[in-house]
Every structure is written in structure tokens, then in C-alpha cells.
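> Contents of final_24.pdb (PDB, C-alpha atoms) are given next:
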```
ATOM      1  CA  MET R   1      -9.422  82.313 -40.288  1.00  0.00           C
ATOM      2  CA  ARG R   2      -9.311  85.281 -37.953  1.00  0.00           C
ATOM      3  CA  LEU R   3     -12.491  87.047 -36.922  1.00  0.00           C
ATOM      4  CA  LEU R   4     -12.991  90.314 -35.088  1.00  0.00           C
ATOM      5  CA  THR R   5     -14.983  90.568 -31.873  1.00  0.00           C
ATOM      6  CA  ARG R   6     -15.111  92.631 -28.696  1.00  0.00           C
ATOM      7  CA  ASP R   7     -13.486  91.030 -25.678  1.00  0.00           C
ATOM      8  CA  ASN R   8     -14.917  91.234 -22.142  1.00  0.00           C
ATOM      9  CA  ASN R   9     -13.104  94.544 -21.628  1.00  0.00           C
ATOM     10  CA  GLY R  10     -14.716  96.131 -24.690  1.00  0.00           C
ATOM     11  CA  LYS R  11     -11.531  95.992 -26.789  1.00  0.00           C
ATOM     12  CA  LEU R  12     -11.659  94.918 -30.437  1.00  0.00           C
ATOM     13  CA  THR R  13      -9.694  91.724 -30.744  1.00  0.00           C
ATOM     14  CA  LEU R  14      -8.859  89.081 -33.324  1.00  0.00           C
ATOM     15  CA  ARG R  15      -9.781  85.456 -32.609  1.00  0.00           C
ATOM     16  CA  GLU R  16      -8.440  82.597 -34.703  1.00  0.00           C
ATOM     17  CA  PHE R  17     -10.667  79.687 -35.773  1.00  0.00           C
ATOM     18  CA  ASP R  18     -10.033  76.658 -37.905  1.00  0.00           C
ATOM     19  CA  ASN R  19     -12.324  76.250 -40.889  1.00  0.00           C
ATOM     20  CA  HIS R  20     -14.228  73.396 -39.242  1.00  0.00           C
ATOM     21  CA  ASN R  21     -15.240  75.312 -36.103  1.00  0.00           C
ATOM     22  CA  LEU R  22     -16.226  78.716 -37.423  1.00  0.00           C
ATOM     23  CA  PRO R  23     -18.941  80.574 -35.519  1.00  0.00           C
ATOM     24  CA  ALA R  24     -21.579  82.533 -37.433  1.00  0.00           C
ATOM     25  CA  TYR R  25     -20.034  85.778 -38.688  1.00  0.00           C
ATOM     26  CA  ALA R  26     -20.688  88.843 -40.805  1.00  0.00           C
ATOM     27  CA  ILE R  27     -18.354  89.972 -43.544  1.00  0.00           C
ATOM     28  CA  LEU R  28     -17.699  93.454 -44.897  1.00  0.00           C
ATOM     29  CA  SER R  29     -17.413  94.235 -48.579  1.00  0.00           C
ATOM     30  CA  ARG R  30     -16.058  97.703 -49.263  1.00  0.00           C
ATOM     31  CA  THR R  31     -13.574  99.674 -51.279  1.00  0.00           C
ATOM     32  CA  TRP R  32     -10.198 100.707 -49.930  1.00  0.00           C
ATOM     33  CA  ASN R  33      -9.648 104.328 -48.984  1.00  0.00           C
ATOM     34  CA  THR R  34      -7.919 106.288 -51.744  1.00  0.00           C
ATOM     35  CA  ASP R  35      -5.130 106.765 -49.202  1.00  0.00           C
ATOM     36  CA  ASN R  36      -4.293 103.151 -48.280  1.00  0.00           C
ATOM     37  CA  SER R  37      -2.431 104.325 -45.194  1.00  0.00           C
ATOM     38  CA  GLN R  38      -5.857 105.161 -43.745  1.00  0.00           C
ATOM     39  CA  GLU R  39      -6.930 101.484 -43.698  1.00  0.00           C
ATOM     40  CA  VAL R  40      -6.712  99.701 -40.349  1.00  0.00           C
ATOM     41  CA  THR R  41      -4.365  96.742 -40.748  1.00  0.00           C
ATOM     42  CA  PHE R  42      -3.679  93.505 -38.919  1.00  0.00           C
ATOM     43  CA  ASP R  43      -0.611  95.181 -37.384  1.00  0.00           C
ATOM     44  CA  ASP R  44      -2.754  98.099 -36.159  1.00  0.00           C
ATOM     45  CA  LEU R  45      -5.148  95.757 -34.387  1.00  0.00           C
ATOM     46  CA  GLU R  46      -2.339  93.686 -32.921  1.00  0.00           C
ATOM     47  CA  GLY R  47      -0.647  96.860 -31.686  1.00  0.00           C
ATOM     48  CA  GLY R  48      -3.828  98.472 -30.388  1.00  0.00           C
ATOM     49  CA  THR R  49      -3.554 101.362 -32.847  1.00  0.00           C
ATOM     50  CA  GLY R  50      -5.477 102.572 -35.889  1.00  0.00           C
ATOM     51  CA  THR R  51      -8.535 104.041 -34.178  1.00  0.00           C
ATOM     52  CA  ASP R  52      -7.611 107.439 -35.616  1.00  0.00           C
ATOM     53  CA  LYS R  53      -7.560 106.142 -39.207  1.00  0.00           C
ATOM     54  CA  ALA R  54     -10.461 106.775 -41.585  1.00  0.00           C
ATOM     55  CA  GLY R  55     -10.828 103.010 -42.126  1.00  0.00           C
ATOM     56  CA  TYR R  56     -11.737 102.508 -38.471  1.00  0.00           C
ATOM     57  CA  ARG R  57     -15.204 103.858 -39.301  1.00  0.00           C
ATOM     58  CA  LYS R  58     -15.784 100.772 -41.485  1.00  0.00           C
ATOM     59  CA  ILE R  59     -14.853  98.458 -38.627  1.00  0.00           C
ATOM     60  CA  ILE R  60     -17.295 100.145 -36.267  1.00  0.00           C
ATOM     61  CA  PHE R  61     -19.960 100.139 -38.990  1.00  0.00           C
ATOM     62  CA  CYS R  62     -19.564  96.392 -39.525  1.00  0.00           C
ATOM     63  CA  GLU R  63     -19.504  95.667 -35.806  1.00  0.00           C
ATOM     64  CA  GLU R  64     -22.709  97.660 -35.238  1.00  0.00           C
ATOM     65  CA  LYS R  65     -24.541  95.912 -38.074  1.00  0.00           C
ATOM     66  CA  ALA R  66     -23.325  92.477 -36.946  1.00  0.00           C
ATOM     67  CA  THR R  67     -24.315  93.145 -33.337  1.00  0.00           C
ATOM     68  CA  ALA R  68     -27.759  94.330 -34.465  1.00  0.00           C
ATOM     69  CA  THR R  69     -28.271  90.957 -36.156  1.00  0.00           C
ATOM     70  CA  VAL R  70     -26.946  89.036 -33.115  1.00  0.00           C
ATOM     71  CA  LEU R  71     -23.597  88.156 -34.680  1.00  0.00           C
ATOM     72  CA  GLN R  72     -20.661  88.349 -32.296  1.00  0.00           C
ATOM     73  CA  TYR R  73     -17.961  87.932 -34.958  1.00  0.00           C
ATOM     74  CA  PHE R  74     -17.149  89.716 -38.197  1.00  0.00           C
ATOM     75  CA  TRP R  75     -14.443  89.679 -40.864  1.00  0.00           C
ATOM     76  CA  ILE R  76     -12.773  92.498 -42.797  1.00  0.00           C
ATOM     77  CA  ASP R  77      -9.917  91.655 -45.137  1.00  0.00           C
ATOM     78  CA  ALA R  78      -7.798  94.742 -44.392  1.00  0.00           C
ATOM     79  CA  CYS R  79      -7.323  93.860 -40.739  1.00  0.00           C
ATOM     80  CA  CYS R  80      -8.038  90.130 -40.389  1.00  0.00           C
ATOM     81  CA  ILE R  81      -5.297  88.982 -42.768  1.00  0.00           C
ATOM     82  CA  ASN R  82      -1.617  89.270 -41.865  1.00  0.00           C
ATOM     83  CA  LYS R  83      -0.410  90.470 -45.265  1.00  0.00           C
ATOM     84  CA  ARG R  84       3.238  90.268 -44.156  1.00  0.00           C
ATOM     85  CA  SER R  85       2.899  86.472 -44.180  1.00  0.00           C
ATOM     86  CA  GLU R  86       3.045  85.350 -47.798  1.00  0.00           C
ATOM     87  CA  PRO R  87       1.571  81.867 -47.092  1.00  0.00           C
ATOM     88  CA  GLU R  88      -1.307  83.432 -45.145  1.00  0.00           C
ATOM     89  CA  LEU R  89      -1.979  85.984 -47.858  1.00  0.00           C
ATOM     90  CA  LEU R  90      -1.999  83.268 -50.533  1.00  0.00           C
ATOM     91  CA  GLU R  91      -4.374  81.117 -48.472  1.00  0.00           C
ATOM     92  CA  ALA R  92      -6.666  84.109 -47.970  1.00  0.00           C
ATOM     93  CA  ILE R  93      -6.783  84.914 -51.687  1.00  0.00           C
ATOM     94  CA  ASN R  94      -7.629  81.290 -52.451  1.00  0.00           C
ATOM     95  CA  SER R  95     -10.256  81.109 -49.683  1.00  0.00           C
ATOM     96  CA  ILE R  96     -12.096  84.402 -50.009  1.00  0.00           C
ATOM     97  CA  PHE R  97     -14.994  83.051 -52.100  1.00  0.00           C
ATOM     98  CA  ARG R  98     -15.559  80.306 -49.515  1.00  0.00           C
ATOM     99  CA  TRP R  99     -15.318  82.797 -46.650  1.00  0.00           C
ATOM    100  CA  TYR R 100     -17.927  85.022 -48.306  1.00  0.00           C
ATOM    101  CA  ARG R 101     -20.098  81.973 -49.011  1.00  0.00           C
ATOM    102  CA  LYS R 102     -19.999  80.884 -45.353  1.00  0.00           C
ATOM    103  CA  ALA R 103     -20.795  84.340 -43.966  1.00  0.00           C
ATOM    104  CA  ALA R 104     -24.183  84.673 -42.301  1.00  0.00           C
ATOM    105  CA  ARG R 105     -24.436  88.192 -43.727  1.00  0.00           C
ATOM    106  CA  CYS R 106     -22.450  90.408 -46.049  1.00  0.00           C
ATOM    107  CA  TYR R 107     -22.611  94.156 -45.595  1.00  0.00           C
ATOM    108  CA  VAL R 108     -21.661  96.276 -48.589  1.00  0.00           C
ATOM    109  CA  TYR R 109     -20.378  99.656 -47.438  1.00  0.00           C
ATOM    110  CA  LEU R 110     -20.708 102.164 -50.274  1.00  0.00           C
ATOM    111  CA  SER R 111     -18.285 104.798 -49.002  1.00  0.00           C
ATOM    112  CA  ASP R 112     -19.006 107.113 -51.926  1.00  0.00           C
ATOM    113  CA  VAL R 113     -22.818 107.083 -51.613  1.00  0.00           C
ATOM    114  CA  SER R 114     -24.556 109.286 -49.054  1.00  0.00           C
ATOM    115  CA  ALA R 115     -28.190 109.345 -48.000  1.00  0.00           C
ATOM    116  CA  ARG R 116     -28.038 112.641 -46.125  1.00  0.00           C
ATOM    117  CA  ASP R 117     -28.873 114.786 -49.126  1.00  0.00           C
ATOM    118  CA  ASN R 118     -31.339 112.278 -50.535  1.00  0.00           C
ATOM    119  CA  LYS R 119     -33.869 111.864 -47.742  1.00  0.00           C
ATOM    120  CA  GLU R 120     -37.127 113.697 -47.181  1.00  0.00           C
ATOM    121  CA  ASN R 121     -39.590 112.980 -44.374  1.00  0.00           C
ATOM    122  CA  GLY R 122     -37.774 109.743 -43.564  1.00  0.00           C
ATOM    123  CA  GLN R 123     -38.144 108.507 -47.145  1.00  0.00           C
ATOM    124  CA  PHE R 124     -35.283 108.115 -49.602  1.00  0.00           C
ATOM    125  CA  LEU R 125     -35.488 110.210 -52.727  1.00  0.00           C
ATOM    126  CA  GLN R 126     -34.502 108.528 -55.962  1.00  0.00           C
ATOM    127  CA  GLY R 127     -31.278 110.588 -56.053  1.00  0.00           C
ATOM    128  CA  TRP R 128     -29.248 107.883 -54.307  1.00  0.00           C
ATOM    129  CA  GLU R 129     -29.764 105.450 -57.195  1.00  0.00           C
ATOM    130  CA  PRO R 130     -27.541 107.235 -59.746  1.00  0.00           C
ATOM    131  CA  ALA R 131     -24.875 107.734 -57.063  1.00  0.00           C
ATOM    132  CA  SER R 132     -24.964 104.041 -56.164  1.00  0.00           C
ATOM    133  CA  ARG R 133     -24.629 103.040 -59.828  1.00  0.00           C
ATOM    134  CA  ARG R 134     -21.463 105.171 -60.045  1.00  0.00           C
ATOM    135  CA  SER R 135     -20.058 103.793 -56.811  1.00  0.00           C
ATOM    136  CA  ARG R 136     -16.455 102.552 -56.952  1.00  0.00           C
ATOM    137  CA  TRP R 137     -17.677  99.303 -55.384  1.00  0.00           C
ATOM    138  CA  PHE R 138     -19.241  98.243 -58.707  1.00  0.00           C
ATOM    139  CA  THR R 139     -16.017  98.796 -60.659  1.00  0.00           C
ATOM    140  CA  ARG R 140     -13.555  96.739 -58.618  1.00  0.00           C
ATOM    141  CA  GLY R 141     -12.326  93.239 -59.351  1.00  0.00           C
ATOM    142  CA  TRP R 142     -13.743  91.427 -56.298  1.00  0.00           C
ATOM    143  CA  THR R 143     -17.298  92.756 -56.616  1.00  0.00           C
ATOM    144  CA  LEU R 144     -18.829  89.860 -58.532  1.00  0.00           C
ATOM    145  CA  GLN R 145     -17.724  87.120 -56.150  1.00  0.00           C
ATOM    146  CA  GLU R 146     -18.668  89.219 -53.120  1.00  0.00           C
ATOM    147  CA  LEU R 147     -22.093  89.779 -54.630  1.00  0.00           C
ATOM    148  CA  ILE R 148     -22.865  86.175 -55.546  1.00  0.00           C
ATOM    149  CA  ALA R 149     -21.092  84.135 -52.846  1.00  0.00           C
ATOM    150  CA  PRO R 150     -23.054  85.164 -49.713  1.00  0.00           C
ATOM    151  CA  GLU R 151     -26.720  84.348 -49.439  1.00  0.00           C
ATOM    152  CA  VAL R 152     -27.535  87.638 -47.689  1.00  0.00           C
ATOM    153  CA  VAL R 153     -25.974  90.823 -49.102  1.00  0.00           C
ATOM    154  CA  GLU R 154     -27.165  94.172 -47.763  1.00  0.00           C
ATOM    155  CA  PHE R 155     -26.176  97.577 -49.153  1.00  0.00           C
ATOM    156  CA  PHE R 156     -25.485 100.610 -46.974  1.00  0.00           C
ATOM    157  CA  THR R 157     -24.479 104.195 -47.600  1.00  0.00           C
ATOM    158  CA  PHE R 158     -21.531 106.004 -46.053  1.00  0.00           C
ATOM    159  CA  ASP R 159     -24.031 107.297 -43.479  1.00  0.00           C
ATOM    160  CA  GLY R 160     -25.028 103.757 -42.491  1.00  0.00           C
ATOM    161  CA  GLU R 161     -28.446 103.971 -44.151  1.00  0.00           C
ATOM    162  CA  ARG R 162     -29.679 100.648 -45.508  1.00  0.00           C
ATOM    163  CA  LEU R 163     -30.532 100.860 -49.200  1.00  0.00           C
ATOM    164  CA  GLY R 164     -31.760  97.284 -49.562  1.00  0.00           C
ATOM    165  CA  ASP R 165     -30.415  93.825 -50.297  1.00  0.00           C
ATOM    166  CA  LYS R 166     -29.275  92.084 -53.450  1.00  0.00           C
ATOM    167  CA  LEU R 167     -32.817  90.895 -54.170  1.00  0.00           C
ATOM    168  CA  SER R 168     -34.630  94.188 -53.616  1.00  0.00           C
ATOM    169  CA  LEU R 169     -31.948  96.094 -55.565  1.00  0.00           C
ATOM    170  CA  LYS R 170     -31.500  93.586 -58.392  1.00  0.00           C
ATOM    171  CA  THR R 171     -32.623  96.025 -61.104  1.00  0.00           C
ATOM    172  CA  ILE R 172     -30.069  98.624 -59.948  1.00  0.00           C
ATOM    173  CA  ILE R 173     -27.325  96.050 -59.570  1.00  0.00           C
TER     174      ILE R 173
END
```
Translate the structure of the given file into C-alpha cells.


Amino acid sequence: MRLLTRDNNGKLTLREFDNHNLPAYAILSRTWNTDNSQEVTFDDLEGGTGTDKAGYRKIIFCEEKATATVLQYFWIDACCINKRSEPELLEAINSIFRWYRKAARCYVYLSDVSARDNKENGQFLQGWEPASRRSRWFTRGWTLQELIAPEVVEFFTFDGERLGDKLSLKTII
């Protein structure tokens, strides 16, 4: 399993671990951009490119949340899996539930929910709830396993605002 981290020079890098020696890590659950070419891939990271893609925002989001909870490593499927390798892709598909289960934290990035227009005096207005219920995240095939596998699942808006976790939001979910 490959995990993302910052090296000593401040560069995002992939580190490979065997399943028996995994460090604590965060995992990102999100939807793909409608334009898949805007997702940062394994090849982008290996080549030192992709920082100009829209999907790079998700990487930085996950890194910031992981760092805030003292996690040095994090995993995002789009860029941690070499999809050109059929055996690796097959192993990843068969291992994803376990990888989510082992994650110290799972951050759900709701790219189609914003808090900016739904906040007053530092308090969320109820307007974000209908938007979150319509979020594409709830309509995709992987959502159920990504919701139940990790012990800690936290929900965030596009703006990085924390909405709550799977326990505090159980009636909405």
C-alpha cells in the first residue's frame, strides 16, 4: 500500500508499506471531478506534476486535516494506486474495505456542498443539510463501504468546514 506524505524538502511523495507495517494514516473519501482529467494521478505524483489540476485541492485538504490530527500519512485512491498495473488495480479493489477499516480517520470531502452561503455569526444555518443530502457522494457505489468501514468518519464541505461525523450526522445520513 502506498501512502502520501511530505518529505524533508516539503515535496509530496509516495511511500510504500507492506500491510503488516502500516503507520497510522488518514483516508479520503470523495467523488471524482466531472472532468476526470482534473484528478491528480499516480503518474502525476511520480512525475512531479498535477499541482495545477482541480483535484490537487483534495490532496491538500486531506493533508491539512491529517496533519491537524497528528497523522503524517494519508491515502487517496486517485493518486496512490498505479492504475496502469492491472494486478495492482485488482489488489486495490479487493483491499479497499480493509484499507478503509484500518484508517485512523476518514475524511469525506463533499465537493458539491458549500458552507460559505450557509453561515451566520460563525454558526451554520440549516441550509447546508438539504445540499448535503443531494450530494453526489451519497449516490455513488463505494459510499456504503466507505461509511461503515472506518471507525471515525468526518464530513467536510468544499470550503473545508467540518459538518460533523457519522455519529452526529446519523439522522441526515

> Find the spatial neighbours of Gly55 in chain R, counting only C-alpha atoms, within a cut-off of 8 Å - ignore same-chain residues fewer than 4 positions away - and output them as a VMD selection string.

chain R and resid 33 38 to 40 59

> Using the chain letters and numbers from this file, what does the PyMOL selection byres ((chain R and resi 156-162) around 8) select? Give the answer as a CSV table (one decimal) with C-alpha atoms, keeping the file's coordinate frame.


```
chain,number,residue,atom,x,y,z
R,61,PHE,CA,-20.0,100.1,-39.0
R,107,TYR,CA,-22.6,94.2,-45.6
R,108,VAL,CA,-21.7,96.3,-48.6
R,109,TYR,CA,-20.4,99.7,-47.4
R,110,LEU,CA,-20.7,102.2,-50.3
R,111,SER,CA,-18.3,104.8,-49.0
R,112,ASP,CA,-19.0,107.1,-51.9
R,113,VAL,CA,-22.8,107.1,-51.6
R,114,SER,CA,-24.6,109.3,-49.1
R,115,ALA,CA,-28.2,109.3,-48.0
R,116,ARG,CA,-28.0,112.6,-46.1
R,154,GLU,CA,-27.2,94.2,-47.8
R,155,PHE,CA,-26.2,97.6,-49.2
R,163,LEU,CA,-30.5,100.9,-49.2
R,164,GLY,CA,-31.8,97.3,-49.6
```

> Please provide the set of residues having any atom within 12 Å of Thr67 in chain R, restricted to all atoms listed in the file, with same-chain residues fewer than 4 positions apart removed, written as a ChimeraX atom specification.

/R:4-6,24-26,60-63,71-74,105

> Name the residues captured by the PyMOL selection byres ((chain R and resi 45) around 10) when it is applied to the shown file; answer as a VMD selection string.

chain R and resid 4 11 to 14 40 to 44 46 to 51 79 to 80

> Could you give me, as a list in words, the residues that have an atom at most 10 Å away from the point (-21.8, 90.8, -56.5) in the coordinates of the file, using only C-alpha atoms?

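Taken together, the residues in range are Ser29, Val108, Trp137, Phe138, Trp142, Thr143, Leu144, Gln145, Glu146, Leu147, Ile148, Ala149, Pro150, Val153, Lys166 and Ile173 of chain R.
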
> What separation in Å, quoted to one decimal, exists between CA of Phe17 in chain R and CA of Arg2 in chain R?

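Here the two named atoms are 6.2 Å from each other.
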
> Suppose you want the space between CA of Met1 in chain R and CA of Leu90 in chain R; what is it in Å?

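Straight-line distance from CA of Met1 in chain R to CA of Leu90 in chain R works out to 12.7 Å.
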
> Starting from the sparse input, extend range 74-91 of chain R to N, CA and C atoms and give the output as a PDB file, in the frame of the given file.


```pdb
ATOM      1  N   PHE R  74     -17.098  89.164 -36.844  1.00  0.00           N
ATOM      2  CA  PHE R  74     -17.149  89.716 -38.197  1.00  0.00           C
ATOM      3  C   PHE R  74     -15.745  89.720 -38.793  1.00  0.00           C
ATOM      4  N   TRP R  75     -15.704  89.788 -40.136  1.00  0.00           N
ATOM      5  CA  TRP R  75     -14.443  89.679 -40.864  1.00  0.00           C
ATOM      6  C   TRP R  75     -14.316  90.836 -41.845  1.00  0.00           C
ATOM      7  N   ILE R  76     -13.118  91.428 -41.855  1.00  0.00           N
ATOM      8  CA  ILE R  76     -12.773  92.498 -42.797  1.00  0.00           C
ATOM      9  C   ILE R  76     -11.363  92.204 -43.291  1.00  0.00           C
ATOM     10  N   ASP R  77     -11.202  92.097 -44.591  1.00  0.00           N
ATOM     11  CA  ASP R  77      -9.917  91.655 -45.137  1.00  0.00           C
ATOM     12  C   ASP R  77      -8.740  92.530 -44.711  1.00  0.00           C
ATOM     13  N   ALA R  78      -8.911  93.838 -44.674  1.00  0.00           N
ATOM     14  CA  ALA R  78      -7.798  94.742 -44.392  1.00  0.00           C
ATOM     15  C   ALA R  78      -7.130  94.456 -43.054  1.00  0.00           C
ATOM     16  N   CYS R  79      -7.905  94.017 -42.072  1.00  0.00           N
ATOM     17  CA  CYS R  79      -7.323  93.860 -40.739  1.00  0.00           C
ATOM     18  C   CYS R  79      -7.356  92.434 -40.197  1.00  0.00           C
ATOM     19  N   CYS R  80      -7.994  91.516 -40.872  1.00  0.00           N
ATOM     20  CA  CYS R  80      -8.038  90.130 -40.389  1.00  0.00           C
ATOM     21  C   CYS R  80      -6.986  89.240 -41.046  1.00  0.00           C
ATOM     22  N   ILE R  81      -6.331  89.743 -42.066  1.00  0.00           N
ATOM     23  CA  ILE R  81      -5.297  88.982 -42.768  1.00  0.00           C
ATOM     24  C   ILE R  81      -3.935  89.614 -42.483  1.00  0.00           C
ATOM     25  N   ASN R  82      -2.988  88.805 -42.060  1.00  0.00           N
ATOM     26  CA  ASN R  82      -1.617  89.270 -41.865  1.00  0.00           C
ATOM     27  C   ASN R  82      -0.937  89.255 -43.237  1.00  0.00           C
ATOM     28  N   LYS R  83      -0.935  90.384 -43.896  1.00  0.00           N
ATOM     29  CA  LYS R  83      -0.410  90.470 -45.265  1.00  0.00           C
ATOM     30  C   LYS R  83       1.112  90.376 -45.325  1.00  0.00           C
ATOM     31  N   ARG R  84       1.781  90.446 -44.179  1.00  0.00           N
ATOM     32  CA  ARG R  84       3.238  90.268 -44.156  1.00  0.00           C
ATOM     33  C   ARG R  84       3.612  88.797 -44.295  1.00  0.00           C
ATOM     34  N   SER R  85       2.657  87.906 -44.048  1.00  0.00           N
ATOM     35  CA  SER R  85       2.899  86.472 -44.180  1.00  0.00           C
ATOM     36  C   SER R  85       2.431  86.027 -45.565  1.00  0.00           C
ATOM     37  N   GLU R  86       3.385  85.742 -46.432  1.00  0.00           N
ATOM     38  CA  GLU R  86       3.045  85.350 -47.798  1.00  0.00           C
ATOM     39  C   GLU R  86       2.156  84.101 -47.847  1.00  0.00           C
ATOM     40  N   PRO R  87       2.454  83.040 -47.071  1.00  0.00           N
ATOM     41  CA  PRO R  87       1.571  81.867 -47.092  1.00  0.00           C
ATOM     42  C   PRO R  87       0.148  82.207 -46.635  1.00  0.00           C
ATOM     43  N   GLU R  88       0.027  83.056 -45.622  1.00  0.00           N
ATOM     44  CA  GLU R  88      -1.307  83.432 -45.145  1.00  0.00           C
ATOM     45  C   GLU R  88      -2.048  84.250 -46.187  1.00  0.00           C
ATOM     46  N   LEU R  89      -1.360  85.162 -46.823  1.00  0.00           N
ATOM     47  CA  LEU R  89      -1.979  85.984 -47.858  1.00  0.00           C
ATOM     48  C   LEU R  89      -2.441  85.119 -49.020  1.00  0.00           C
ATOM     49  N   LEU R  90      -1.628  84.174 -49.447  1.00  0.00           N
ATOM     50  CA  LEU R  90      -1.999  83.268 -50.533  1.00  0.00           C
ATOM     51  C   LEU R  90      -3.211  82.424 -50.149  1.00  0.00           C
ATOM     52  N   GLU R  91      -3.217  81.900 -48.929  1.00  0.00           N
ATOM     53  CA  GLU R  91      -4.374  81.117 -48.472  1.00  0.00           C
ATOM     54  C   GLU R  91      -5.634  81.970 -48.465  1.00  0.00           C
TER      55      GLU R  91
END
```
